[in-house]
Amino acid sequence: MNIPSNILTLILGVALTLISLWYGQNHGLMPVAASQEASEVDGLFNLMMTIATGLFLIVEGAIVYSVIKFRRKEGDLTDGPPIEGNVPLEILWTAIPTVIVFILAIYSFEVYNTMGGLDPMASHDHQQMMAEETMESSQLLAMDNSRLALGLGQSPEGEQTPPLEVNVNGIQYAWIFNYPETGTVSGELHVPVDRPVKLNMTAGDVLHAFWLPEFRIKQDVIPGRESLLTFTPTRTGQYPVICAELCGAYHGGMKTTITVHSTEDYQQWIQDNTFAQVETDGDVALIGDR
Amino acid sequence: MQSSAVNESQVVIDSQQESGHHGHPDHRMFGIILFLISDSMTFLGFFTAFLIYRAIMPVWPPEGTPELELLVPIINTVVLVASSFVMHKGQVALKKNDIKGLQLWFGITAVMGVAFLLGQSYEYFNAEFGLTTNLFASCFYALTGFHGLHVTVGVLLILSVLWRSRTEGHYSSSSHFGVEAAEIYWHFVDVIWLVLFILVYLLQMS
Amino acid sequence: MEQVHPQRKWQDYFGFSTDHKVIGVQYLVTAFFFYLVGGAMAEVMRTELATPDPDLVQPEFYNQLMTMHGSIMLFLWIIPAGAAFANYLIPLMIGTDDMAFPRLNAIAFWIIPPGGIFFLCSFFVGAPQAGWTSYPPLSLVSGVWGEEIWILSVLLLGLSSMLGAFNFVTTILKMRMPDMDIHSMPLFCWSMLATSALVILGTPVLAAALILLSFDLIAGTAFFNPAGGGDPIVYQHMFWFYSHPAVYIMVLPFFGVISEVLPVHARKPIFGYRAIAYSGLAISFLGLIVWAHHMFSSGTPGWLRMFFMATTMIIAVPTGIKVFSWCATIWGGKISLNSSMLFALGFLSSFLIGGLSGVMVASVPFDLHVHDTYFVVAHFHYVLFGGSVFALFAGVYHWFPKMSGKMVNETLGRIHFILTFVGFNLTFLPMHPLGLQGMNRRIALYDPKFQAMNELVTIGSYILAVSTFPFLINIFWSLWKGKKAPRNPWRALTLEWQTSSPPIIENFEEEPVLWAGPYDYGIDTESVDGDEEVDDMLAEVAGSS
Ligand code: HEA
Ligand code: HEA
Ligand code: CUA
Ligand SMILES: [Cu+2]
């Protein structure tokens, strides 16, 4: 290889990196991020977009270049150079993807852990095992499945504000939200901003999935089991709640909204809705104290 | 390579090739082994499902499942395991070109297989639970039923070997694919039963 | 070669034949018929989705179409099409005269047409509507008979593909011509070994799952029904234990096709023969331990999600080896941009996109956002259509002269390619942003804010539908009026080109000669020996005859 072509390669490499980095940050493909989890996921997605753009440009570039440069001339019946392999090159293109994949896996693991994905196993189950230690050893295996929580739990980081708990029930084709603190029942989800929300979810008939696109989280809702989803809204506004698991003909219509209120507005909402349902005032007073 | 000119005769030629007499070496045993690998994956699927239920259910077997009667299944196990050895004697006899011996031992094996199936039916008719009583009962019937189906096929294979062995020279010490295939299948069904017996019957006792 | 060798008559293709070449063509034509049927269903779905309201078809019917489209495309189009190439090519490529078990082979094929018709008949009793995944409990409560027909058809088609797999493995391992050792057989055979291993190990588990599902449906057991104490997640594990490997069953044969097509039309040896061969085996091994990546948001605990994320991502490494090796194969070659090569390059560029989005969805936190959205729909159409179907067309154009004895019309072939490539990207590229923005899959009615992009997708799908016409015209026209094909129109080195086009009934007039490896382009083989016959073939490959 002569020097000019080396410089060309260098320029190409730099351009490729720049384009990938730029596109990875500016693809504009994601909807607004309305929760802590969402920004974490977006960071991960941006990295993946960067890598994907780079790989895309390299491979497609190689194809397009070959097609233009290495065309058979009319009447040329000779063959190309008999190159059957190149060990260093092959090691290189085995090693680089391996490294990329490891980085992606570790980063994803971190994000998932921050989102609280490993919490249900870490805390919830542990307590259960302790409780069962007193029982006969043969029954240890027989873990109560309906108590095995699945989904996203508390993030191991951050201040441990007690989360707002809401019980969610998915039925064909509606979501029902039940606020155990106040007894409020609603068809829409209302939550205060900046306070963790914990959803205890179950389904009444078939599988559903609880999806908040602007929060980047999703968890199947399973009859006979409890799954949970914990997240912290960071942006007020109204966002869709979508059922993402095929649950019948009107699966597409199984939607509602989540409204993220400022703390004051949220109190107001709770108050309005609790009175509307003629609950005892005691509960409301408690909420007001918080 | 034969160059047959007549189109219609092709089917005949092909089927001759398949039985391994013509041209190619016989690969059917290899095919049978592939099939058994595959079939064992079916059982693996059933067994794993069973084990998962066992692991995740709070009470297993579910409350109210009557104790399984062990006497008949134990006899059945003994019969089935013994039949594998009996059957092998038949194959050994054939290797010595002793067709009568083959017929004798395979005949006994078939009878033992039928005895197993009868024992199984006895169990079905006398069980205190039905197919839909609970998850354990359903698993019990699905697993033993699917295995019983295999035993039935095995018996039919043995009977067809017996039927063919009446033809002079159909089986000999050098040509015995059918005999070997039936035998290896039978051993396979036998081994599956042992696993099944441990899982379904023995593991339920506490 | 004055001796007259018998050829197949056209009637043979409509009956029970044990000739692997006839069976191969039968598979291909049958599969293509179902592609048109499944594609027509997709067009109805797309027309429905052109507007946000469910106004063209009822939502129930939409779900039926969606289920049937997915199941037909997978079980009646891509999997049988892979078997089609395997049947046609394996014995020719390894220089033998038929499969190990010809009658079994014919039976395997003849299960498919009745199975497929039976499957289509489910429309008369209300087709299944729980998606091609048929998750209980939904599949247990939305119409018994449609679902039962779905189960039985899939069992039948699964049986057919298993019978095929036994045959392929036995033939490849046991029937290669004497001088051909396993490292000098064509890569297509390697890829069929990897595929068949998955069929043999995976399909029975699906069968087990479906048998239990069938009990739940008909006999009232509760294996998967939480209402009776069962567990729907167990079904998902069993289903994906097969159905993830199944996606490699659907793509590995076509990886093989690409490994055959590229060297011939780029006039260069395949780059990294052994790496490609073994990476296929690696893919099929890894493919067996990644299934739960379809269940990240379902009933799987956190640690399990992490494990399956890691194993899934690793698959990018062996697949990357293949993709890079293919690029290196064309690099520096002498490329003829004929229809076959165009589709092969179309495969390379589209499969890459599908693979990259595959690695993205393998990342659990990201998948929690896009699972069951159009992003996933985009992913799998890029790998299935952009991967398998493009490679399939490359294979059809490559081997059509061999199968029919006629050359195809290149101009029509190029038009076919351009329409397909444009239509394909227009249809499936916008699905990525759709999914990311919040459009979930399997819905007949959607948020009006997605309408513009959906219209684009629908237009793209119409272009795709139109693209099949130049192809069909080309095939019929070429069969009828096409130029006669010489025995080796591409000057290729694999053995199927050492016999007439179409090959005679027993495949080879005389024992084929292994005078070069399958990809020894540009390698000086003239000095091998002075055999007159080899010289003939050399001249043929060099293009001077
Ligand atoms: C031909 C079929 C096919 C193929 C080949 C693939 C290939 C892959 N698939 Fe795909 N997949 C499907 C068909 C297929 N898939 C289908 C049908 C579904 C949906 C089922 C349903 O729900 O209905 C699905 C769904 C699906 C999911 C579940 C998504 C969800 O439902 O939420 C996941 C998650 O991990 C996944 C991952 C992958 C990965 C990692 C690959 C990898 O094999 C891809 C590897 C390839 C590459 C990566 C490109 C080339 C490599 C390089 C250039 C090297 C460098 C690259 C890197 C370092 C990144 N697929
Ligand atoms: C190999 C597999 C394959 C192929 C090739 C295709 C091809 C196409 N697919 Fe499909 N698709 C799947 C496999 C495949 N699909 C699977 C597995 C699912 C998931 C199902 C599920 O969720 O359960 C799916 C789901 C799916 C959806 C999502 C449905 C939903 O979630 O609601 C959509 C939506 O646009 C779609 C569209 C298309 C289109 C437009 C094509 C086009 O490429 C089709 C182009 C059409 C043609 C080429 C035929 C045109 C022919 C004619 C018009 C002539 C008709 C003549 C006669 C009948 C004689 N597909
Ligand atoms: Cu509930 Cu979809
Ligand atoms: Cu998968």
# chains A, B, ... in the order shown; residues from 1 in each chain; ligands from 1

$ residues_around --residues "Thr144 of chain B" --least-positions-apart "2" --cutoff "10 Å" --atoms "only C-alpha atoms" --output "list in words"
Gln120, Tyr124, Cys139, Phe140, Tyr141, Ala142, Phe146, His147, Gly148, Leu149, His150, Trp193, Leu196, Phe197 and Val200 of chain B

$ residues_near_ligand --ligand "ligand 2" --cutoff "7 Å" --atoms "only C-alpha atoms and all ligand atoms" --output "PyMOL selection string"
chain C and resi 35-40+42-43+45-46+66-67+69-71+73-74+77-78+131-133+377+381+384-385+389+424+427+441-444+461+464-468

$ closest_atom_pairs --of "chain A" --to "ligand 3" --cutoff "10 Å" --atoms "only C-alpha atoms and all ligand atoms" --output "CSV"
residue,atom,partner,partner_atom_place_in_ligand_line,distance
A:Gly170,CA,ligand 3,1 (Cu),6.7
A:Ile171,CA,ligand 3,1 (Cu),6.6
A:Gln172,CA,ligand 3,1 (Cu),5.7
A:Tyr173,CA,ligand 3,1 (Cu),5.5
A:Ala174,CA,ligand 3,1 (Cu),7.1
A:Trp175,CA,ligand 3,1 (Cu),8.3
A:Ala203,CA,ligand 3,1 (Cu),9.1
A:Asp205,CA,ligand 3,1 (Cu),9.5
A:Val206,CA,ligand 3,1 (Cu),7.8
A:Leu207,CA,ligand 3,1 (Cu),6.8
A:His208,CA,ligand 3,1 (Cu),4.2
A:Ala209,CA,ligand 3,1 (Cu),6.4
A:Phe210,CA,ligand 3,1 (Cu),8.2
A:Asp220,CA,ligand 3,1 (Cu),9.6
A:Val221,CA,ligand 3,1 (Cu),8.8
A:Ile242,CA,ligand 3,2 (Cu),7.9
A:Cys243,CA,ligand 3,2 (Cu),4.4
A:Ala244,CA,ligand 3,2 (Cu),5.4
A:Glu245,CA,ligand 3,2 (Cu),4.5
A:Leu246,CA,ligand 3,2 (Cu),4.4
A:Cys247,CA,ligand 3,2 (Cu),4.1
A:Gly248,CA,ligand 3,2 (Cu),6.6
A:Ala249,CA,ligand 3,2 (Cu),8.6
A:Tyr250,CA,ligand 3,2 (Cu),7.4
A:His251,CA,ligand 3,2 (Cu),3.8
A:Gly252,CA,ligand 3,2 (Cu),6.5
A:Gly253,CA,ligand 3,2 (Cu),7.9
A:Met254,CA,ligand 3,1 (Cu),5.6
A:Lys255,CA,ligand 3,1 (Cu),8.4

$ residues_near_ligand --ligand "ligand 4" --cutoff "7 Å" --atoms "only C-alpha atoms and all ligand atoms" --output "PyMOL selection string"
chain C and resi 244+247+290-291+293-294

$ write_last_selection --atoms "N, CA, C and O atoms" --output "PDB file, in the first residue's frame"
ATOM      1  N   HIS C 244     -37.028 -20.230  18.453  1.00  0.00           N
ATOM      2  CA  HIS C 244     -35.839 -19.462  18.140  1.00  0.00           C
ATOM      3  C   HIS C 244     -34.923 -20.229  17.181  1.00  0.00           C
ATOM      4  O   HIS C 244     -34.594 -19.701  16.132  1.00  0.00           O
ATOM      5  N   VAL C 247     -35.712 -19.831  13.601  1.00  0.00           N
ATOM      6  CA  VAL C 247     -35.331 -18.715  12.740  1.00  0.00           C
ATOM      7  C   VAL C 247     -33.984 -19.001  12.078  1.00  0.00           C
ATOM      8  O   VAL C 247     -33.733 -18.530  10.967  1.00  0.00           O
ATOM      9  N   VAL C 290     -30.598 -19.587  23.470  1.00  0.00           N
ATOM     10  CA  VAL C 290     -30.921 -18.158  23.545  1.00  0.00           C
ATOM     11  C   VAL C 290     -32.426 -17.890  23.570  1.00  0.00           C
ATOM     12  O   VAL C 290     -32.855 -16.757  23.517  1.00  0.00           O
ATOM     13  N   TRP C 291     -33.245 -18.958  23.640  1.00  0.00           N
ATOM     14  CA  TRP C 291     -34.663 -18.800  23.319  1.00  0.00           C
ATOM     15  C   TRP C 291     -35.388 -17.747  24.147  1.00  0.00           C
ATOM     16  O   TRP C 291     -36.301 -17.102  23.637  1.00  0.00           O
ATOM     17  N   HIS C 293     -34.869 -14.900  24.819  1.00  0.00           N
ATOM     18  CA  HIS C 293     -34.818 -13.478  24.449  1.00  0.00           C
ATOM     19  C   HIS C 293     -36.143 -13.016  23.830  1.00  0.00           C
ATOM     20  O   HIS C 293     -36.322 -11.838  23.597  1.00  0.00           O
ATOM     21  N   HIS C 294     -37.041 -13.947  23.571  1.00  0.00           N
ATOM     22  CA  HIS C 294     -38.379 -13.538  23.135  1.00  0.00           C
ATOM     23  C   HIS C 294     -39.290 -13.293  24.331  1.00  0.00           C
ATOM     24  O   HIS C 294     -40.444 -12.950  24.163  1.00  0.00           O
TER      25      HIS C 294
END

$ closest_residue --among "A:Leu8, A:Leu57, A:Val32, A:Val193" --to "ligand 1" --atoms "only C-alpha atoms and all ligand atoms"
A:Leu57

$ closest_atom_pairs --of "segment 265-379 of chain C" --to "segment 194-209 of chain C" --cutoff "9 Å" --atoms "only C-alpha atoms" --output "Markdown table"
| residue | atom | partner | partner_atom | distance |
| --- | --- | --- | --- | --- |
| C:Gly280 | CA | C:Ala194 | CA | 6.1 |
| C:Leu281 | CA | C:Ala194 | CA | 5.2 |
| C:Ala282 | CA | C:Ala194 | CA | 8.5 |
| C:Ile283 | CA | C:Ala194 | CA | 8.1 |
| C:Ser284 | CA | C:Ala194 | CA | 5.9 |
| C:Phe285 | CA | C:Leu198 | CA | 8.2 |
| C:Gly287 | CA | C:Leu198 | CA | 8.3 |
| C:Leu288 | CA | C:Leu198 | CA | 7.7 |

$ write_last_selection --atoms "all heavy atoms" --output "short mmCIF file (atom, residue, chain, number, x, y, z; two decimals), in the first residue's frame"
data_model
loop_
_atom_site.label_atom_id
_atom_site.label_comp_id
_atom_site.auth_asym_id
_atom_site.auth_seq_id
_atom_site.Cartn_x
_atom_site.Cartn_y
_atom_site.Cartn_z
N GLY C 280 -21.30 -21.69 11.00
CA GLY C 280 -22.68 -22.17 10.88
C GLY C 280 -23.00 -23.13 12.01
O GLY C 280 -24.07 -23.04 12.64
N LEU C 281 -22.08 -24.03 12.32
CA LEU C 281 -22.32 -24.94 13.43
C LEU C 281 -22.40 -24.18 14.75
O LEU C 281 -23.22 -24.47 15.61
CB LEU C 281 -21.22 -26.00 13.50
CG LEU C 281 -21.10 -26.92 12.28
CD1 LEU C 281 -19.99 -27.93 12.49
CD2 LEU C 281 -22.42 -27.63 12.01
N ALA C 282 -21.54 -23.16 14.87
CA ALA C 282 -21.56 -22.36 16.10
C ALA C 282 -22.91 -21.67 16.24
O ALA C 282 -23.49 -21.63 17.33
CB ALA C 282 -20.44 -21.32 16.08
N ILE C 283 -23.42 -21.14 15.13
CA ILE C 283 -24.72 -20.47 15.19
C ILE C 283 -25.78 -21.46 15.65
O ILE C 283 -26.61 -21.16 16.50
CB ILE C 283 -25.10 -19.87 13.83
CG1 ILE C 283 -24.21 -18.68 13.52
CG2 ILE C 283 -26.56 -19.45 13.80
CD1 ILE C 283 -24.40 -18.12 12.14
N SER C 284 -25.73 -22.68 15.10
CA SER C 284 -26.82 -23.56 15.49
C SER C 284 -26.64 -24.02 16.92
O SER C 284 -27.63 -24.20 17.62
CB SER C 284 -27.00 -24.71 14.50
OG SER C 284 -26.00 -25.64 14.61
N PHE C 285 -25.42 -24.16 17.40
CA PHE C 285 -25.27 -24.50 18.81
C PHE C 285 -25.78 -23.36 19.70
O PHE C 285 -26.60 -23.55 20.59
CB PHE C 285 -23.81 -24.82 19.14
CG PHE C 285 -23.58 -24.96 20.62
CD1 PHE C 285 -24.05 -26.08 21.29
CD2 PHE C 285 -22.94 -23.96 21.34
CE1 PHE C 285 -23.88 -26.20 22.66
CE2 PHE C 285 -22.77 -24.07 22.71
CZ PHE C 285 -23.24 -25.18 23.37
N GLY C 287 -27.76 -21.10 18.92
CA GLY C 287 -29.19 -20.91 18.71
C GLY C 287 -30.04 -21.71 19.68
O GLY C 287 -31.20 -21.38 19.93
N LEU C 288 -29.46 -22.78 20.24
CA LEU C 288 -30.24 -23.61 21.15
C LEU C 288 -30.30 -23.04 22.56
O LEU C 288 -31.08 -23.51 23.38
CB LEU C 288 -29.65 -25.02 21.20
CG LEU C 288 -29.91 -25.90 19.98
CD1 LEU C 288 -29.05 -27.14 20.02
CD2 LEU C 288 -31.37 -26.28 19.91
#

$ closest_residue --among "C:Met407, C:Met341, C:Ala485, C:Ala84" --to "chain A" --atoms "only C-alpha atoms"
C:Met341

$ closest_atom_pairs --of "chain C" --to "ligand 1" --cutoff "6 Å" --atoms "only C-alpha atoms and all ligand atoms" --output "tab-separated table"
residue	atom	partner	partner_atom_place_in_ligand_line	distance
C:Val247	CA	ligand 1	2 (C)	4.0
C:Tyr248	CA	ligand 1	5 (C)	5.5
C:Met250	CA	ligand 1	1 (C)	5.3
C:Val251	CA	ligand 1	1 (C)	4.6
C:His293	CA	ligand 1	35 (O)	4.6
C:His294	CA	ligand 1	28 (C)	4.2
C:Thr312	CA	ligand 1	40 (C)	5.2
C:Met313	CA	ligand 1	40 (C)	5.3
C:Ile315	CA	ligand 1	43 (O)	5.4
C:Ala316	CA	ligand 1	48 (C)	4.0
C:Val317	CA	ligand 1	54 (C)	5.8
C:Thr319	CA	ligand 1	46 (C)	5.1
C:Gly320	CA	ligand 1	51 (C)	3.4
C:Val323	CA	ligand 1	50 (C)	5.7
C:Leu352	CA	ligand 1	49 (C)	4.6
C:Gly355	CA	ligand 1	47 (C)	3.5
C:Leu356	CA	ligand 1	48 (C)	4.6
C:Gly358	CA	ligand 1	38 (C)	3.7
C:Val359	CA	ligand 1	40 (C)	4.0
C:Val361	CA	ligand 1	34 (C)	4.5
C:Ala362	CA	ligand 1	35 (O)	3.1
C:Asp367	CA	ligand 1	32 (O)	5.3
C:His371	CA	ligand 1	32 (O)	3.3
C:Asp372	CA	ligand 1	31 (O)	5.3
C:Val376	CA	ligand 1	29 (C)	5.5
C:Phe380	CA	ligand 1	12 (C)	4.4
C:Val383	CA	ligand 1	1 (C)	4.7
C:Leu384	CA	ligand 1	1 (C)	4.3

$ residues_around --residues "segment 132-137 of chain B" --least-positions-apart "3" --cutoff "10 Å" --atoms "only C-alpha atoms" --output "number ranges by chain"
B: 50, 53-54, 57, 60-66, 127-129, 140-143, 200, 204; C: 215-216, 219-225, 228-231

$ closest_atom_pairs --of "chain B" --to "chain A" --cutoff "7 Å" --atoms "only C-alpha atoms" --output "Markdown table"
| residue | atom | partner | partner_atom | distance |
| --- | --- | --- | --- | --- |
| B:Ala55 | CA | A:Ala142 | CA | 5.6 |
| B:Ile56 | CA | A:Asn145 | CA | 5.5 |
| B:Met57 | CA | A:Ala142 | CA | 5.8 |
| B:Pro58 | CA | A:Asp144 | CA | 4.4 |
| B:Val59 | CA | A:Ala142 | CA | 6.2 |

$ write_last_selection --atoms "N, CA, C and O atoms" --output "PDB file, in the first residue's frame"
ATOM      1  N   ALA B  55     -41.216 -27.721  40.241  1.00  0.00           N
ATOM      2  CA  ALA B  55     -40.380 -26.755  40.942  1.00  0.00           C
ATOM      3  C   ALA B  55     -41.147 -25.494  41.315  1.00  0.00           C
ATOM      4  O   ALA B  55     -40.890 -24.890  42.349  1.00  0.00           O
ATOM      5  N   ILE B  56     -42.069 -25.064  40.471  1.00  0.00           N
ATOM      6  CA  ILE B  56     -42.655 -23.757  40.754  1.00  0.00           C
ATOM      7  C   ILE B  56     -43.979 -23.816  41.488  1.00  0.00           C
ATOM      8  O   ILE B  56     -44.439 -22.807  41.998  1.00  0.00           O
ATOM      9  N   MET B  57     -44.613 -24.971  41.546  1.00  0.00           N
ATOM     10  CA  MET B  57     -45.900 -25.001  42.212  1.00  0.00           C
ATOM     11  C   MET B  57     -45.707 -25.030  43.728  1.00  0.00           C
ATOM     12  O   MET B  57     -44.826 -25.735  44.229  1.00  0.00           O
ATOM     13  N   PRO B  58     -46.525 -24.280  44.441  1.00  0.00           N
ATOM     14  CA  PRO B  58     -46.366 -24.220  45.901  1.00  0.00           C
ATOM     15  C   PRO B  58     -46.516 -25.593  46.544  1.00  0.00           C
ATOM     16  O   PRO B  58     -45.758 -25.933  47.434  1.00  0.00           O
ATOM     17  N   VAL B  59     -47.508 -26.344  46.112  1.00  0.00           N
ATOM     18  CA  VAL B  59     -47.654 -27.711  46.634  1.00  0.00           C
ATOM     19  C   VAL B  59     -47.616 -28.663  45.456  1.00  0.00           C
ATOM     20  O   VAL B  59     -48.314 -28.458  44.463  1.00  0.00           O
TER      21      VAL B  59
END

$ closest_atom_pairs --of "chain C" --to "chain A" --cutoff "7 Å" --atoms "only C-alpha atoms" --output "CSV"
residue,atom,partner,partner_atom,distance
C:Pro59,CA,A:Ala249,CA,5.1
C:Glu60,CA,A:Ala249,CA,4.8
C:Asn63,CA,A:Ala249,CA,6.7
C:Pro137,CA,A:Val206,CA,5.3
C:Leu138,CA,A:Val206,CA,5.5
C:Pro226,CA,A:Gly224,CA,5.8
C:Arg267,CA,A:Asp79,CA,5.0
C:Lys268,CA,A:Gly80,CA,5.1
C:Pro269,CA,A:Glu84,CA,5.8
C:Ile270,CA,A:Glu84,CA,6.3
C:Phe271,CA,A:Glu84,CA,4.8
C:Gly272,CA,A:Gly85,CA,4.7
C:Ser297,CA,A:Gln219,CA,4.8
C:Ser298,CA,A:Asp220,CA,4.9
C:Gly299,CA,A:Leu150,CA,6.2
C:Thr300,CA,A:Leu150,CA,6.5
C:Pro301,CA,A:Leu150,CA,5.6
C:Gly302,CA,A:Leu118,CA,5.0
C:Trp303,CA,A:Leu118,CA,6.7
C:Met306,CA,A:Phe109,CA,6.9
C:Ala310,CA,A:Ala105,CA,6.1
C:Met313,CA,A:Val101,CA,6.1
C:Ile314,CA,A:Val101,CA,6.6
C:Val317,CA,A:Pro97,CA,5.7
C:Ile321,CA,A:Thr94,CA,6.3
C:Cys327,CA,A:Ile63,CA,6.6
C:Ile330,CA,A:Ser66,CA,6.6
C:Trp331,CA,A:Ser66,CA,5.5
C:Gly332,CA,A:Phe70,CA,5.6
C:Gly333,CA,A:Gly80,CA,4.7
C:Lys334,CA,A:Arg72,CA,4.3
C:Ile335,CA,A:Arg71,CA,4.6
C:Ser336,CA,A:Arg72,CA,5.6
C:Ser349,CA,A:Glu60,CA,6.1
C:Leu356,CA,A:Ala52,CA,6.2
C:Met360,CA,A:Met48,CA,6.7
C:Ser363,CA,A:Ser108,CA,6.0
C:Val364,CA,A:Ser108,CA,6.8
C:Pro365,CA,A:Tyr112,CA,5.6
C:Phe366,CA,A:Val41,CA,6.1
C:Leu368,CA,A:Lys218,CA,5.1
C:His369,CA,A:Arg216,CA,4.5
C:Asp372,CA,A:Ala244,CA,6.0
C:Pro433,CA,A:Leu29,CA,5.8
C:Leu436,CA,A:Met30,CA,5.7
C:Gln437,CA,A:Pro31,CA,5.4
C:Gly438,CA,A:Pro213,CA,5.6
C:Asn440,CA,A:Ala244,CA,5.9
C:Arg442,CA,A:Leu246,CA,6.4
C:Ile443,CA,A:Gly252,CA,4.6
C:Ala444,CA,A:Gly252,CA,6.3
C:Leu445,CA,A:Gly252,CA,5.5
C:Tyr446,CA,A:Gly252,CA,6.3
C:Tyr521,CA,A:Asp79,CA,6.0
C:Gly522,CA,A:Asp79,CA,4.7
C:Ile523,CA,A:Pro82,CA,5.7
C:Ala542,CA,A:Leu77,CA,6.4
C:Gly543,CA,A:Leu77,CA,6.3

$ write_last_selection --atoms "C-alpha atoms" --output "short mmCIF file (atom, residue, chain, number, x, y, z; two decimals), in the first residue's frame"
data_model
loop_
_atom_site.label_atom_id
_atom_site.label_comp_id
_atom_site.auth_asym_id
_atom_site.auth_seq_id
_atom_site.Cartn_x
_atom_site.Cartn_y
_atom_site.Cartn_z
CA PRO C 59 -60.45 -6.86 14.04
CA GLU C 60 -61.10 -10.57 14.55
CA ASN C 63 -55.99 -11.21 13.73
CA PRO C 137 -54.51 -18.53 27.58
CA LEU C 138 -55.59 -16.44 24.56
CA PRO C 226 -53.81 -20.44 34.89
CA ARG C 267 -15.01 -15.36 -9.88
CA LYS C 268 -13.10 -15.68 -6.64
CA PRO C 269 -12.68 -18.46 -4.08
CA ILE C 270 -14.92 -18.21 -1.03
CA PHE C 271 -13.05 -16.32 1.64
CA GLY C 272 -12.45 -18.39 4.77
CA SER C 297 -40.80 -8.79 29.29
CA SER C 298 -42.70 -11.94 30.10
CA GLY C 299 -42.51 -14.15 33.15
CA THR C 300 -38.76 -14.39 33.38
CA PRO C 301 -36.74 -13.36 36.42
CA GLY C 302 -33.99 -10.77 36.07
CA TRP C 303 -30.96 -13.04 36.18
CA MET C 306 -29.29 -11.29 31.72
CA ALA C 310 -25.43 -12.47 26.83
CA MET C 313 -25.49 -11.16 21.65
CA ILE C 314 -22.66 -13.62 21.14
CA VAL C 317 -19.77 -13.01 16.33
CA ILE C 321 -17.61 -13.89 10.50
CA CYS C 327 -17.72 -9.16 1.70
CA ILE C 330 -16.54 -10.20 -3.58
CA TRP C 331 -13.76 -7.75 -2.76
CA GLY C 332 -11.28 -7.74 -5.62
CA GLY C 333 -13.30 -10.21 -7.66
CA LYS C 334 -14.71 -9.91 -11.14
CA ILE C 335 -18.34 -9.35 -10.39
CA SER C 336 -21.07 -9.96 -12.95
CA SER C 349 -27.08 -5.42 2.60
CA LEU C 356 -27.92 -5.14 13.71
CA MET C 360 -30.25 -4.19 19.65
CA SER C 363 -30.29 -5.87 24.94
CA VAL C 364 -32.82 -6.31 27.73
CA PRO C 365 -33.39 -2.66 28.73
CA PHE C 366 -33.91 -1.67 25.12
CA LEU C 368 -38.33 -3.74 27.27
CA HIS C 369 -39.18 -0.71 25.17
CA ASP C 372 -43.96 -6.49 20.61
CA PRO C 433 -39.31 4.43 13.81
CA LEU C 436 -39.75 3.16 18.57
CA GLN C 437 -42.36 5.88 18.60
CA GLY C 438 -44.96 3.66 20.19
CA ASN C 440 -47.33 -1.94 18.97
CA ARG C 442 -50.75 -7.19 16.07
CA ILE C 443 -53.25 -4.37 16.03
CA ALA C 444 -55.90 -3.52 13.47
CA LEU C 445 -56.51 -0.05 14.84
CA TYR C 446 -53.80 2.38 15.80
CA TYR C 521 -11.48 -19.98 -8.92
CA GLY C 522 -8.31 -18.47 -10.23
CA ILE C 523 -6.29 -21.35 -8.91
CA ALA C 542 -12.48 -21.04 -18.67
CA GLY C 543 -15.19 -20.14 -21.12
#

$ residues_around --residues "Ala82 of chain B" --least-positions-apart "2" --cutoff "12 Å" --atoms "only C-alpha atoms" --output "list in words"
Ile75, Asn76, Thr77, Val78, Val79, Leu80, Ser84, Phe85, Val86, Met87, His88, Lys89, Trp105, Ile108, Thr109, Ala110, Val111, Met112, Gly113, Phe116, Trp186, His187, Asp190 and Val191 of chain B
